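Engineer: There's a structure below that I have some questions on.
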Amino acid sequence: MFNRIIKRGNRKAPKAESAASSPPAGQATVTVNLDSRPSGAAPGSPRQLHSSPAAGAVPQIESLPLFRDVPVLERQALFLRKLRICSVLFDFSDTLKSAREKEVKRQTLSELVDFVQSGSGRLNEQVQEELVRTVDVNIFRSLPPASHENTGVEPADQEEEDPYLDPAWPHLQLVYELLLRYVVSSDTDTKVAKRYIDQSFVLRLLDLLNSEDPREREYLKTILHRIYGKFMVHRPFIRKAINNIFYRFIFETERHSGIGELLEILGSIINGFALPMKEEHKLFLVRALIPLHKPKPVGMYHQQLSYCIVQFVEKDYKLADTVIRGLLKYWPVTNCQKEVLFLGELEEVLEATQPAEFQRCMVPLFKQIARCLSSSHFQVAERSLFLWNNDHIVSLVAQNRSVILPIIFEALEKNMQGHWNQAVHGLTANIRKMFLDMDSDLFEACQQQYLEKEEKTKYLEAQRESAWRNIEAALQEKKRL
């Protein structure tokens with residue numbers, strides 16, 4: 001009985017099972033590396049069908065003839081064969097491993113880029129499908145964990161971190177270049193291409209913008225901008241997807257490597273908005289762009305954000321009041337470097353502001369500017385004083401001086417009396433003289449009001465000190481008794 005059981009255990013598995021359990025001869029076993037930052041590859045996508053070879057396995061790549069060495073009618077078939085070569089992935093953690101095969105793939109990718117760029121012929125549908133599939137296999141991958149992930153330590157300032165450079169960039173760059181040339185080619189028919197460059201593909205491209213490699217983000221920015229321009233059917237979807245990335249960044253993570261690149265894409269999109277502006281676009285300004293001033297790493301993308309904000313005001317001047325009040329809402333309290341950035345952006349917005357919109361927000365605006373004028377941080381005080389170097393802002397202030405000067409007069413006087421920085425002292429003197437020349441009666445009235453306030457303050461201070469002295473005297477008297 002025992003011998004029968006042993007024989008059954010040694011019985012060969014059926015052929016189908018055997019084939020499924022071990023790879024065919026000549027093929028390398030594969031492993032799937034699961035990292036902490038998935039790029040969003042969809043289930044069942046080609047990415048799951050092509051994995052990196054296991055350690056020690058060397059993929060075999062055949063050498064194919066150049067395009068110029070084959071007849072024109074055979075070039076599409078050769079293009080397909082070259083694409084399949086480029087679907088093989090390599091391990092770049094070891095630079096010496098598979099060096100010849102890596103170079104063959106690099107040269108093949110370069111040939112494909114040149115072929116598409118030269119416009120040697122319109123690619124048929126099968127070739128286009130295989131091209132996008134090859135791009136999919138190469139670029140959609142798990143991004144390496146960020147430096148702050150899985151370490152148990154507080155994340156460092158993103159501005160101080162060294163950028164991560166992907167070792168596979170020699171191949172990735174050519175794959176991105178191939179995709180870019182395919183998208184911008186005049187031979188690419190959007191009616192056909194949109195079947196392969198679909199919403200899922202675009203969404204995964206957007207996910208890759210979280211890559212820490214600045215070279216990869218630059219390519220993705222260009223490609224996404226070209227897709228937005230060429231594939232009109234995807235435009236609402238792209239705007240909504242960018243919106244969602246911003247929401248998650250603002251209200252959840254406050255960490256994303258590609259916010260600046262997304263804002264650069266949006267800058268050109270906003271520039272093309274038709275007038276009158278849609279309500280959808282105004283909501284995007286209020287709900288996404290203005291709140292982007294809130295996160296701590298705003299300095300990394302502030303230049304691009306400021307450009308987008310100013311574009312909205314230049315497109316529709318009635319939005320100036322909304323933008324300025326939004327800036328005041330997120331105005332930094334303890335971060336002086338952010339204050340300097342905000343003051344620079346404020347100047348650009350005010351330059352595009354019309355008098356009617358200025359009057360709506362000038363009281364809260366100049367209350368904040370007054371606080372900046374008297375800041376002990378000389379860069380904040382200096383940058384706020386520089387606002388008066390702008391002719392348009394001086395014109396707006398002059399028209400409303402009876403409201404503005406009483407608000408800022410105290411800050412100007414305190415700067416003159418006691419600010420430690422000589423540059424701030426000099427700029428303050430110039431602005432005082434400007435207001436005096438502009439309206440001497442108003443200036444004297446404000447000065448008189450300021451002196452009266454100072455006298456009242458001194459009187460109240462003397463009363464407080466007298467009251468405390470009386471309390472102390474009464475206490476001493478009580479102790480003697």
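Just remember, in the structure tokens the first chain shown is A, the second B, etc., residues are 1-based per chain, and ligands are 1-based in the order shown.
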Dump as CSV the rows for residues of range 185-235 of chain A within 10 Å of range 240-245 of chain A: closest atom pair and distance in Å with one decimal, only C-alpha atoms counted, ordered by chain and rising residue number.

Structural biologist:
```
residue,atom,partner,partner_atom,distance
A:Gln199,CA,A:Ala241,CA,9.9
A:Val202,CA,A:Ala241,CA,9.3
A:Leu203,CA,A:Ala241,CA,7.2
A:Leu206,CA,A:Ile242,CA,7.8
A:Asp207,CA,A:Ile245,CA,8.7
A:Arg235,CA,A:Lys240,CA,8.7
```

Engineer: Need to verify the contact set: Ile408 in chain A, 10 Å, only C-alpha atoms, exclusion of same-chain residues closer than 2 positions in sequence. Can you return it as a count of residues only?

Structural biologist: 17

Engineer: Show me, as a count of residues only, the residues that have an atom within 10 Å of Val72 in chain A when counting only C-alpha atoms, minus same-chain residues fewer than 5 positions from it.

Structural biologist: 3

Engineer: Find, counting only C-alpha atoms, the residue in A:Lys315, A:Arg122, A:Lys230, A:Arg255 that gets nearest to Lys278 in chain A.

Structural biologist: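 Counting only C-alpha atoms, the residue closest to Lys278 in chain A is A:Lys315.
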
Engineer: If we count only C-alpha atoms and set the cut-off at 12 Å, which residues sit around Asn430 in chain A, ignoring sequence neighbours fewer than 2 positions away in its own chain? Please answer as a PyMOL selection string.

Structural biologist: chain A and resi 385-386+388-389+412+415-416+423-428+432-437

Engineer: Using C-alpha atoms, can you write the selected residues to a file as a PDB file, in the first residue's frame?

Structural biologist:
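Saved file again_12.pdb follows:
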```
ATOM      1  CA  LEU A 385       8.258  99.324  -0.347  1.00  0.00           C
ATOM      2  CA  PHE A 386       9.287  98.384  -3.905  1.00  0.00           C
ATOM      3  CA  TRP A 388       5.764 102.097  -5.112  1.00  0.00           C
ATOM      4  CA  ASN A 389       8.311 101.761  -7.926  1.00  0.00           C
ATOM      5  CA  LEU A 412       5.810 104.513   7.548  1.00  0.00           C
ATOM      6  CA  ASN A 415      10.036 102.771   9.986  1.00  0.00           C
ATOM      7  CA  MET A 416      11.394 106.321  10.001  1.00  0.00           C
ATOM      8  CA  ALA A 423      17.818 100.630   2.908  1.00  0.00           C
ATOM      9  CA  VAL A 424      14.317 100.326   4.408  1.00  0.00           C
ATOM     10  CA  HIS A 425      14.799 103.697   6.106  1.00  0.00           C
ATOM     11  CA  GLY A 426      15.749 105.361   2.800  1.00  0.00           C
ATOM     12  CA  LEU A 427      12.888 103.825   0.793  1.00  0.00           C
ATOM     13  CA  THR A 428      10.390 104.823   3.488  1.00  0.00           C
ATOM     14  CA  ARG A 432       6.676 109.724   2.636  1.00  0.00           C
ATOM     15  CA  LYS A 433       7.928 112.491   0.353  1.00  0.00           C
ATOM     16  CA  MET A 434       5.841 111.076  -2.520  1.00  0.00           C
ATOM     17  CA  PHE A 435       2.650 111.285  -0.420  1.00  0.00           C
ATOM     18  CA  LEU A 436       3.594 114.747   0.857  1.00  0.00           C
ATOM     19  CA  ASP A 437       4.001 116.012  -2.713  1.00  0.00           C
TER      20      ASP A 437
END
```

Engineer: When you count only C-alpha atoms, which of these residues is closest to Leu179 in chain A: A:Glu101, A:Asp136, A:Glu111, A:Asp162?

Structural biologist: A:Asp136

Engineer: Measuring atom to atom with only C-alpha atoms, identify which of A:Lys282, A:Lys478, A:Arg75, A:Arg217 is nearest to Ile270 in chain A.

Structural biologist: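 So, comparing all the options, the nearest one is A:Lys282.
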
Engineer: Rounded to one decimal, what separation in Å do you get between CA of Lys194 in chain A and CA of Gln128 in chain A?

Structural biologist: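 CA of Lys194 in chain A sits 10.6 Å away from CA of Gln128 in chain A.
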
Engineer: Apply DSSP to the backbone of this structure and, from range 31-280 of chain A, keep only the residues in helix (DSSP H, G or I); write these as an MDAnalysis selection string.

Structural biologist: chainID A and resid 46:49 67:69 72:85 99:118 125:139 158:160 169:184 190:193 199:208 214:230 232:253 259:271 279:280

Engineer: With distances taken over only C-alpha atoms, which of A:Val184, A:Ala320, A:Ala146, A:Leu475 is nearest to Glu348 in chain A?

Structural biologist: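 Smallest separation from Glu348 in chain A among the options: A:Ala320.
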
Engineer: Counting only C-alpha atoms, which of A:His392, A:Lys102, A:His281, A:Arg325 gets nearest to Cys308 in chain A?

Structural biologist: A:His281

Engineer: Which residues, written as an MDAnalysis selection string, have at least one atom at most 9 Å from Ser376 in chain A, with only C-alpha atoms counted and residues fewer than 4 positions away on the same chain left out?

Structural biologist: chainID A and resid 372 380:381 419:421
